[in-house]
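Below is one structure; the comments refer to it alone.
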Amino acid sequence: MYADFFSGEAQAAVGDLRSAGIRCVYTDYRNIEQGDLHIADNVARELNLRHAPYPPRTSPYQPEVWVPFLDDLIALSEHENGLVLFVDSADAFLAQNSRGMFRLIEAFLIQAHHWMEKKKPCHLCFQMEPNDSLRAQFVMS
């Protein structure tokens with residue numbers, strides 16, 4: 001999403017999604033420490049995922065953080081009506097941690113069919129330009 005997308009009627013989208021029982025979660029990349037573990041833990045904390053916080057990988061035999069993360073997202077599809085994750089400051093995310101961004105996208109894509117089979121929405125949205133309209137939907141002053 002770009003700055004001009006989330007204005008006017010689009011601002012009502014979060015309220016409409018919530019009214020439909022869709023879980024809406026917001027995270028701002030500027031508030032996350034660098035690294036894959038930190039983005040996964042931040043999102044998992046916002047979603048109250050079962051296995052979070054994820055332990056750092058200490059051996060090659062231990063799964064990467066994304067394996068338990070996507071398992072948790074699959075489990076979430078069993079009891080939520082849908083999920084929309086909004087990642088603010090995604091332009092900074094892409095510039096500073098493109099590998100982490102693409103791993104987050106991959107984790108969402110790998111597990112999305114579990115939601116689709118249940119006819120439940122599962123979306124990952126990136127706010128690519130500064131815009132306080134999105135943040136205002138989630139952060140109370």
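Scheme for the structure tokens: letters A, B, ... for chains in order shown; per-chain residue numbers from 1; ligand numbers from 1 in order shown.
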
Considering only alpha helix (DSSP H) as DSSP defines it on the backbone, what residues of segment 13-134 of chain A qualify? List them as a VMD selection string. chain A and resid 13 to 19 36 to 47 66 to 76 90 to 96 98 to 117 132 to 134

Identify, on the basis of only C-alpha atoms, every residue whose closest approach to segment 14-21 of chain A does not exceed 9 Å; exclude the query and any residue fewer than 2 positions from it along the same chain; express the result as a list in words. Ala10, Gln11, Ala12, Arg23, Cys24, Glu80, Asn81, Gly82, Val84, Leu134, Gln137 and Phe138 of chain A

Shell of 10 Å around Leu85 of chain A, only C-alpha atoms, local chain residues under 3 positions omitted, as JSON, numbers by chain: {"A": [23, 24, 25, 26, 27, 43, 46, 47, 88, 108, 122, 123, 124, 125, 126]}

Shortest interatomic distance to Pro130 of chain A - which of A:Ile22, A:His114, A:Ala90, A:Ala40, counting only C-alpha atoms: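 Smallest separation from Pro130 of chain A among the options: A:Ala90.
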
What residues in segment 94-134 of chain A get the DSSP label strand (DSSP E)? Please answer as a PyMOL selection string. chain A and resi 122-126

Neighbours of Ala92 of chain A within 9 Å (only C-alpha atoms; same-chain residues fewer than 6 positions away dropped), as a list in words?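 Residues near the query, excluding close chain neighbours: Tyr29, Arg30 and Met128 of chain A.
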
Export all heavy atoms of the chosen residues as a compact mmCIF listing (two decimals), in the first residue's frame?
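Full text of again-v1.txt as output:
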```
# COMPACT_ATOMS: atom_id res chain seq x y z
N TYR A 29 7.76 -1.55 11.34
CA TYR A 29 9.12 -2.05 11.24
C TYR A 29 10.12 -1.16 11.96
O TYR A 29 11.12 -1.66 12.49
CB TYR A 29 9.53 -2.23 9.78
CG TYR A 29 10.91 -2.81 9.65
CD1 TYR A 29 11.14 -4.16 9.91
CD2 TYR A 29 12.00 -2.02 9.32
CE1 TYR A 29 12.40 -4.71 9.85
CE2 TYR A 29 13.27 -2.56 9.25
CZ TYR A 29 13.47 -3.90 9.50
OH TYR A 29 14.73 -4.44 9.44
N ARG A 30 9.85 0.13 12.04
CA ARG A 30 10.77 1.04 12.73
C ARG A 30 10.94 0.69 14.20
O ARG A 30 11.92 1.06 14.82
CB ARG A 30 10.29 2.49 12.61
CG ARG A 30 10.36 3.04 11.21
CD ARG A 30 9.73 4.39 11.14
NE ARG A 30 8.27 4.25 11.40
CZ ARG A 30 7.38 5.19 11.18
NH1 ARG A 30 7.76 6.36 10.75
NH2 ARG A 30 6.10 4.98 11.41
N MET A 128 4.16 1.08 2.21
CA MET A 128 5.46 1.37 1.59
C MET A 128 5.90 2.82 1.72
O MET A 128 7.02 3.14 1.38
CB MET A 128 5.44 0.97 0.11
CG MET A 128 5.21 -0.51 -0.12
SD MET A 128 6.44 -1.58 0.65
CE MET A 128 7.90 -1.16 -0.28
```
